[in-house]
Amino acid sequence: MKKLLYVYISVFLLFGIYFYHSHLNAALENTNGIKRERLQGVVNDEYVMVTFMAGIDYWKSVLKGFEDAANELNVSVVYRGGALYDLHEQITILEQVIAKKPAGIAISAINPNDLNATINKAVDMGIPIVLFDSDAPLSNASSFLGTNNYLAGAEAADKMASLINNQGKVAAITLPEQLNHQERTKGFMETMKTKYPKINVVQVLDGEGDQLKSEKVANEIIQKYPDVKGIFVTEANGGVGVADAATKNKKVDLKIISFDVDRKTLDHIENGSISATMAQGTWNMGYWSMQFLFKLHNEKTKNDDHSLPPYVDTGITIVTKENVKEYYAEYTK
């Protein structure tokens, strides 16, 4: 019930912001004979999205939401993403973006702590910052828009338990330095411990967000624990790698739960080699990041202003073979 209430509160707050920008100003017409138009930006206002591993499909839906909001608001968008999963590269890119003094920056933080100084520098310069997907909670950014990753990990644990009849050995493959992956793993581990005493999490390994590396560590798990029944992977590249390892080791009964959706993941779900994946509200992350930045920039709202929620849960859905076709159209354009 608490989770449901929190979702309702988040939706209510988002609706309020949407109503304000999309309806209220436009509706205030003929006041003292003056027609008031909905607040719009100018094309020269440039908002920047900063990520890492720019080539992965995951960011496409986030960027689409960011661009859709920008089109509504008549402002410009720039996307900057590092090529690698590299902290120093992301810091360098963020410094370059800050130097151009954009109207606002939305960033997915590769590390929960080491970007704080750079983020705070931008805030001190008056550049609005929001975080999405992966948080830096001790920074001075205004808001974080993303999945409740702990609860998503807990839901993955519940799904895994149902797939293996509430007993047996399982493992997890994650990115231990990134906060959202830490939270997913923690939710999975703690749920298994408290709700499913007959399930034993035998290993948690680093897949480095890479398909081949995740395949390699999955091979290690399978060789060490040939009776392992399931593997939870906290990101999509790793999920595909684990599915490849299961196929090569002829582990057709291995239950794999991945995270996020891309074409390869959906194909593996359709053919049964991945049992399920946790689909995030990625378009919502991008769309509301832009709306928040626009409000901060145009109203000169202070970063500690409470008219914007500090956290918005953008939602999670479990994708299985039963509903996978619904996602092909949305995520494989």
# chains A, B, ... in the order shown; residues from 1 in each chain; ligands from 1
>>> residues_around(residues="range 178-189 of chain A", least_positions_apart="6", cutoff="7 Å", atoms="only C-alpha atoms", output="CSV table (one decimal) with C-alpha atoms, in the first residue's frame")
chain,number,residue,atom,x,y,z
A,110,ILE,CA,27.9,7.0,-13.5
A,111,ASN,CA,29.0,7.2,-9.9
A,112,PRO,CA,26.9,8.4,-6.9
A,134,SER,CA,21.1,7.0,-11.7
A,135,ASP,CA,21.3,9.4,-8.8
A,149,ASN,CA,15.5,0.5,-7.9
A,150,TYR,CA,15.3,-1.2,-4.6
A,151,LEU,CA,11.6,-2.1,-5.2
A,152,ALA,CA,12.5,-3.1,-8.7
A,153,GLY,CA,15.1,-5.5,-7.4
A,154,ALA,CA,12.5,-6.8,-4.9
A,156,ALA,CA,12.7,-9.2,-9.6
A,157,ALA,CA,13.3,-11.5,-6.6
A,234,THR,CA,20.8,-5.6,-13.4
>>> residues_around(residues="Glu208 in chain A", least_positions_apart="3", cutoff="12 Å", atoms="only C-alpha atoms", output="NGL selection string")
:A and (53 or 84-86 or 110 or 173-178 or 181 or 205 or 211-217 or 233-239 or 241)
>>> write_last_selection(atoms="N, CA, C and O atoms", output="short mmCIF file (atom, residue, chain, number, x, y, z; two decimals), in the first residue's frame")
data_model
loop_
_atom_site.label_atom_id
_atom_site.label_comp_id
_atom_site.auth_asym_id
_atom_site.auth_seq_id
_atom_site.Cartn_x
_atom_site.Cartn_y
_atom_site.Cartn_z
N MET A 53 28.28 5.59 -22.10
CA MET A 53 28.00 4.49 -23.03
C MET A 53 26.92 4.90 -24.02
O MET A 53 25.85 4.29 -24.14
N LEU A 84 32.39 5.30 -23.42
CA LEU A 84 32.75 4.18 -22.57
C LEU A 84 32.02 4.26 -21.22
O LEU A 84 31.40 5.28 -20.89
N TYR A 85 32.11 3.19 -20.46
CA TYR A 85 31.66 3.21 -19.08
C TYR A 85 32.84 3.69 -18.25
O TYR A 85 33.59 2.91 -17.66
N ASP A 86 33.02 5.03 -18.22
CA ASP A 86 34.24 5.60 -17.66
C ASP A 86 33.90 6.87 -16.90
O ASP A 86 33.40 7.85 -17.48
N ILE A 110 27.17 8.24 -13.44
CA ILE A 110 27.85 6.95 -13.49
C ILE A 110 28.34 6.52 -12.11
O ILE A 110 28.55 5.33 -11.86
N ILE A 173 24.34 -10.67 -11.32
CA ILE A 173 25.43 -10.00 -12.04
C ILE A 173 25.04 -8.53 -12.14
O ILE A 173 23.95 -8.19 -12.61
N THR A 174 25.94 -7.64 -11.71
CA THR A 174 25.57 -6.24 -11.54
C THR A 174 26.73 -5.31 -11.89
O THR A 174 27.76 -5.74 -12.42
N LEU A 175 26.55 -4.02 -11.59
CA LEU A 175 27.58 -3.00 -11.71
C LEU A 175 27.77 -2.41 -10.31
O LEU A 175 27.04 -1.50 -9.92
N PRO A 176 28.72 -2.89 -9.55
CA PRO A 176 28.78 -2.57 -8.12
C PRO A 176 29.13 -1.13 -7.79
O PRO A 176 28.95 -0.71 -6.64
N GLU A 177 29.62 -0.34 -8.75
CA GLU A 177 30.00 1.05 -8.46
C GLU A 177 28.90 2.05 -8.76
O GLU A 177 29.05 3.23 -8.47
N GLN A 178 27.80 1.61 -9.34
CA GLN A 178 26.74 2.52 -9.76
C GLN A 178 25.54 2.38 -8.83
O GLN A 178 25.07 1.27 -8.58
N HIS A 181 22.32 0.33 -9.67
CA HIS A 181 22.57 -1.11 -9.69
C HIS A 181 22.79 -1.66 -8.28
O HIS A 181 22.39 -2.78 -7.97
N LEU A 205 28.40 -11.02 -8.89
CA LEU A 205 29.61 -10.70 -9.64
C LEU A 205 29.42 -9.44 -10.49
O LEU A 205 28.29 -9.04 -10.79
N GLN A 211 28.38 -7.18 -22.53
CA GLN A 211 27.81 -8.47 -22.91
C GLN A 211 28.82 -9.60 -22.79
O GLN A 211 28.52 -10.66 -22.21
N LEU A 212 30.03 -9.41 -23.30
CA LEU A 212 31.03 -10.48 -23.27
C LEU A 212 31.54 -10.74 -21.85
O LEU A 212 31.75 -11.89 -21.46
N LYS A 213 31.75 -9.68 -21.08
CA LYS A 213 32.20 -9.85 -19.69
C LYS A 213 31.12 -10.58 -18.88
O LYS A 213 31.43 -11.48 -18.07
N SER A 214 29.87 -10.23 -19.09
CA SER A 214 28.78 -10.89 -18.36
C SER A 214 28.65 -12.35 -18.77
O SER A 214 28.36 -13.21 -17.93
N GLU A 215 28.87 -12.63 -20.03
CA GLU A 215 28.87 -14.03 -20.48
C GLU A 215 29.99 -14.80 -19.77
O GLU A 215 29.79 -15.95 -19.33
N LYS A 216 31.15 -14.17 -19.64
CA LYS A 216 32.29 -14.83 -18.99
C LYS A 216 31.99 -15.13 -17.53
O LYS A 216 32.25 -16.25 -17.05
N VAL A 217 31.46 -14.15 -16.79
CA VAL A 217 31.20 -14.39 -15.36
C VAL A 217 30.03 -15.36 -15.18
O VAL A 217 29.99 -16.13 -14.20
N VAL A 233 20.21 -10.22 -13.61
CA VAL A 233 21.20 -9.31 -14.20
C VAL A 233 20.61 -7.90 -14.17
O VAL A 233 19.48 -7.69 -14.60
N THR A 234 21.37 -6.94 -13.67
CA THR A 234 20.79 -5.61 -13.43
C THR A 234 20.87 -4.66 -14.61
O THR A 234 20.56 -3.48 -14.46
N GLU A 235 21.26 -5.13 -15.78
CA GLU A 235 21.21 -4.29 -16.98
C GLU A 235 21.14 -5.17 -18.22
O GLU A 235 21.40 -6.38 -18.17
N ALA A 236 20.80 -4.56 -19.36
CA ALA A 236 20.40 -5.31 -20.55
C ALA A 236 21.56 -6.01 -21.26
O ALA A 236 21.42 -7.16 -21.70
N ASN A 237 22.70 -5.33 -21.41
CA ASN A 237 23.84 -5.98 -22.09
C ASN A 237 24.22 -7.27 -21.38
O ASN A 237 24.50 -8.30 -22.01
N GLY A 238 24.26 -7.20 -20.06
CA GLY A 238 24.60 -8.37 -19.27
C GLY A 238 23.58 -9.48 -19.41
O GLY A 238 23.93 -10.67 -19.45
N GLY A 239 22.31 -9.12 -19.49
CA GLY A 239 21.27 -10.13 -19.65
C GLY A 239 21.46 -10.94 -20.92
O GLY A 239 21.31 -12.17 -20.93
N GLY A 241 24.33 -11.35 -22.47
CA GLY A 241 25.53 -12.16 -22.27
C GLY A 241 25.25 -13.42 -21.47
O GLY A 241 25.76 -14.51 -21.79
#
>>> atom_distance(atom1="CA of Leu163 in chain A", atom2="CA of Glu190 in chain A")
17.9 Å
>>> closest_residue(among="A:Tyr47, A:Phe132, A:Phe52, A:Tyr225", to="Leu293 in chain A", atoms="only C-alpha atoms")
A:Tyr47
>>> residues_around(residues="Lys101 in chain A", least_positions_apart="4", cutoff="10 Å", atoms="only C-alpha atoms", output="list in words")
Glu46, Tyr47, Gln96, Val97, Ile105, Ala122, Met125, Gly126 and Ile127 of chain A
>>> write_last_selection(atoms="N, CA and C atoms", output="short mmCIF file (atom, residue, chain, number, x, y, z; two decimals), in the first residue's frame")
data_model
loop_
_atom_site.label_atom_id
_atom_site.label_comp_id
_atom_site.auth_asym_id
_atom_site.auth_seq_id
_atom_site.Cartn_x
_atom_site.Cartn_y
_atom_site.Cartn_z
N GLU A 46 19.27 26.25 -24.76
CA GLU A 46 19.82 24.93 -25.04
C GLU A 46 19.88 24.10 -23.76
N TYR A 47 19.23 22.95 -23.78
CA TYR A 47 19.22 22.02 -22.66
C TYR A 47 20.00 20.77 -23.06
N GLN A 96 32.86 20.20 -19.90
CA GLN A 96 32.74 20.86 -21.20
C GLN A 96 31.35 21.46 -21.39
N VAL A 97 30.34 20.73 -20.95
CA VAL A 97 28.96 21.22 -21.08
C VAL A 97 28.76 22.45 -20.20
N ILE A 105 20.82 21.14 -17.43
CA ILE A 105 21.50 19.86 -17.70
C ILE A 105 20.75 18.75 -16.99
N ALA A 122 28.17 23.49 -11.29
CA ALA A 122 27.15 23.98 -12.22
C ALA A 122 26.03 24.69 -11.48
N MET A 125 26.88 28.07 -10.41
CA MET A 125 26.91 29.00 -11.55
C MET A 125 25.51 29.38 -12.00
N GLY A 126 24.50 28.81 -11.36
CA GLY A 126 23.12 29.12 -11.73
C GLY A 126 22.55 28.24 -12.83
N ILE A 127 23.23 27.14 -13.15
CA ILE A 127 22.75 26.21 -14.18
C ILE A 127 21.89 25.15 -13.50
#
>>> residues_around(residues="Asp133 in chain A", least_positions_apart="3", cutoff="7 Å", atoms="only C-alpha atoms", output="PDB file with all heavy atoms, in the first residue's frame")
ATOM      1  N   SER A 108      22.613  11.401 -16.078  1.00  0.00           N
ATOM      2  CA  SER A 108      22.582  10.108 -15.397  1.00  0.00           C
ATOM      3  C   SER A 108      23.979   9.865 -14.847  1.00  0.00           C
ATOM      4  O   SER A 108      24.948   9.769 -15.601  1.00  0.00           O
ATOM      5  CB  SER A 108      22.193   8.996 -16.384  1.00  0.00           C
ATOM      6  OG  SER A 108      22.194   7.745 -15.732  1.00  0.00           O
ATOM      7  N   LEU A 145      14.795  11.767 -11.137  1.00  0.00           N
ATOM      8  CA  LEU A 145      13.655  11.136 -11.790  1.00  0.00           C
ATOM      9  C   LEU A 145      14.090   9.757 -12.273  1.00  0.00           C
ATOM     10  O   LEU A 145      14.973   9.647 -13.139  1.00  0.00           O
ATOM     11  CB  LEU A 145      13.166  11.972 -12.968  1.00  0.00           C
ATOM     12  CG  LEU A 145      12.768  13.412 -12.621  1.00  0.00           C
ATOM     13  CD1 LEU A 145      13.905  14.381 -12.927  1.00  0.00           C
ATOM     14  CD2 LEU A 145      11.517  13.829 -13.364  1.00  0.00           C
ATOM     15  N   GLY A 146      13.529   8.723 -11.695  1.00  0.00           N
ATOM     16  CA  GLY A 146      13.963   7.391 -12.078  1.00  0.00           C
ATOM     17  C   GLY A 146      13.188   6.307 -11.361  1.00  0.00           C
ATOM     18  O   GLY A 146      12.264   6.563 -10.579  1.00  0.00           O
ATOM     19  N   THR A 147      13.598   5.100 -11.618  1.00  0.00           N
ATOM     20  CA  THR A 147      12.990   3.925 -11.018  1.00  0.00           C
ATOM     21  C   THR A 147      13.302   3.850  -9.527  1.00  0.00           C
ATOM     22  O   THR A 147      14.397   4.221  -9.108  1.00  0.00           O
ATOM     23  CB  THR A 147      13.545   2.667 -11.718  1.00  0.00           C
ATOM     24  OG1 THR A 147      13.284   2.770 -13.123  1.00  0.00           O
ATOM     25  CG2 THR A 147      12.939   1.402 -11.177  1.00  0.00           C
TER      26      THR A 147
END
>>> select_by_dssp(residues="range 111-323 of chain A", states="alpha helix (DSSP H)", output="VMD selection string")
chain A and resid 116 to 124 149 to 163 179 to 195 211 to 224 236 to 248 263 to 271 282 to 299
>>> write_last_selection(atoms="C-alpha atoms", output="compact mmCIF listing (two decimals), in the first residue's frame")
# COMPACT_ATOMS: atom_id res chain seq x y z
CA ASN A 116 29.19 15.79 -6.85
CA ALA A 117 31.85 18.50 -7.11
CA THR A 118 31.20 19.03 -10.82
CA ILE A 119 27.41 19.00 -10.41
CA ASN A 120 27.65 21.47 -7.51
CA LYS A 121 29.89 23.72 -9.60
CA ALA A 122 27.15 23.98 -12.22
CA VAL A 123 24.51 24.70 -9.59
CA ASP A 124 26.68 27.44 -8.08
CA ASN A 149 15.50 0.55 -7.93
CA TYR A 150 15.28 -1.18 -4.56
CA LEU A 151 11.64 -2.07 -5.17
CA ALA A 152 12.47 -3.12 -8.74
CA GLY A 153 15.09 -5.51 -7.36
CA ALA A 154 12.52 -6.81 -4.88
CA GLU A 155 10.02 -7.39 -7.70
CA ALA A 156 12.72 -9.24 -9.64
CA ALA A 157 13.26 -11.46 -6.60
CA ASP A 158 9.54 -12.22 -6.38
CA LYS A 159 9.46 -13.08 -10.07
CA MET A 160 12.55 -15.28 -9.80
CA ALA A 161 11.09 -17.11 -6.81
CA SER A 162 7.93 -17.89 -8.75
CA LEU A 163 9.99 -19.22 -11.66
CA LEU A 179 24.03 3.49 -7.25
CA ASN A 180 20.99 2.32 -9.21
CA HIS A 181 22.57 -1.11 -9.69
CA GLN A 182 23.57 -1.27 -6.03
CA GLU A 183 19.95 -0.63 -5.07
CA ARG A 184 18.59 -3.24 -7.50
CA THR A 185 20.99 -5.83 -6.13
CA LYS A 186 20.18 -4.90 -2.54
CA GLY A 187 16.44 -5.18 -3.16
CA PHE A 188 16.93 -8.57 -4.78
CA MET A 189 19.23 -9.90 -2.05
CA GLU A 190 17.21 -8.68 0.93
CA THR A 191 13.92 -9.90 -0.52
CA MET A 192 15.38 -13.34 -1.09
CA LYS A 193 16.69 -13.42 2.47
CA THR A 194 13.50 -12.26 4.17
CA LYS A 195 10.80 -13.86 1.99
CA GLN A 211 27.81 -8.47 -22.91
CA LEU A 212 31.03 -10.48 -23.27
CA LYS A 213 32.20 -9.85 -19.69
CA SER A 214 28.78 -10.89 -18.36
CA GLU A 215 28.87 -14.03 -20.48
CA LYS A 216 32.29 -14.83 -18.99
CA VAL A 217 31.20 -14.39 -15.36
CA ALA A 218 28.00 -16.35 -16.06
CA ASN A 219 30.18 -19.18 -17.32
CA GLU A 220 32.09 -19.03 -14.03
CA ILE A 221 28.85 -19.26 -12.05
CA ILE A 222 27.56 -22.18 -14.11
CA GLN A 223 30.84 -24.06 -13.80
CA LYS A 224 31.08 -23.48 -10.06
CA ALA A 236 20.40 -5.31 -20.55
CA ASN A 237 23.84 -5.98 -22.09
CA GLY A 238 24.60 -8.37 -19.27
CA GLY A 239 21.27 -10.13 -19.65
CA VAL A 240 22.06 -10.94 -23.27
CA GLY A 241 25.53 -12.16 -22.27
CA VAL A 242 24.09 -14.47 -19.61
CA ALA A 243 21.56 -15.85 -22.11
CA ASP A 244 24.45 -16.60 -24.49
CA ALA A 245 26.32 -18.40 -21.70
CA ALA A 246 23.24 -20.46 -20.84
CA THR A 247 22.80 -21.47 -24.47
CA LYS A 248 26.45 -22.46 -24.91
CA ARG A 263 15.91 -5.45 -29.43
CA LYS A 264 18.26 -8.23 -28.31
CA THR A 265 16.59 -8.55 -24.93
CA LEU A 266 13.13 -8.69 -26.47
CA ASP A 267 14.27 -11.33 -28.97
CA HIS A 268 15.67 -13.45 -26.14
CA ILE A 269 12.41 -13.14 -24.21
CA GLU A 270 10.42 -14.16 -27.27
CA ASN A 271 12.55 -17.25 -27.84
CA THR A 282 12.52 5.70 -19.69
CA TRP A 283 10.44 8.13 -21.78
CA ASN A 284 9.03 9.57 -18.53
CA MET A 285 12.58 10.15 -17.25
CA GLY A 286 13.48 12.24 -20.27
CA TYR A 287 10.18 14.09 -20.63
CA TRP A 288 9.92 15.17 -17.01
CA SER A 289 13.63 15.99 -16.77
CA MET A 290 13.08 18.59 -19.48
CA GLN A 291 9.91 19.92 -17.86
CA PHE A 292 11.69 20.30 -14.52
CA LEU A 293 14.71 22.04 -16.09
CA PHE A 294 12.46 24.40 -18.03
CA LYS A 295 10.63 25.41 -14.87
CA LEU A 296 13.90 25.92 -12.97
CA HIS A 297 15.43 28.00 -15.75
CA ASN A 298 12.46 30.19 -16.62
CA GLU A 299 11.20 30.85 -13.13
>>> atom_distance(atom1="CA of Lys321 in chain A", atom2="CA of Ile56 in chain A")
22.9 Å
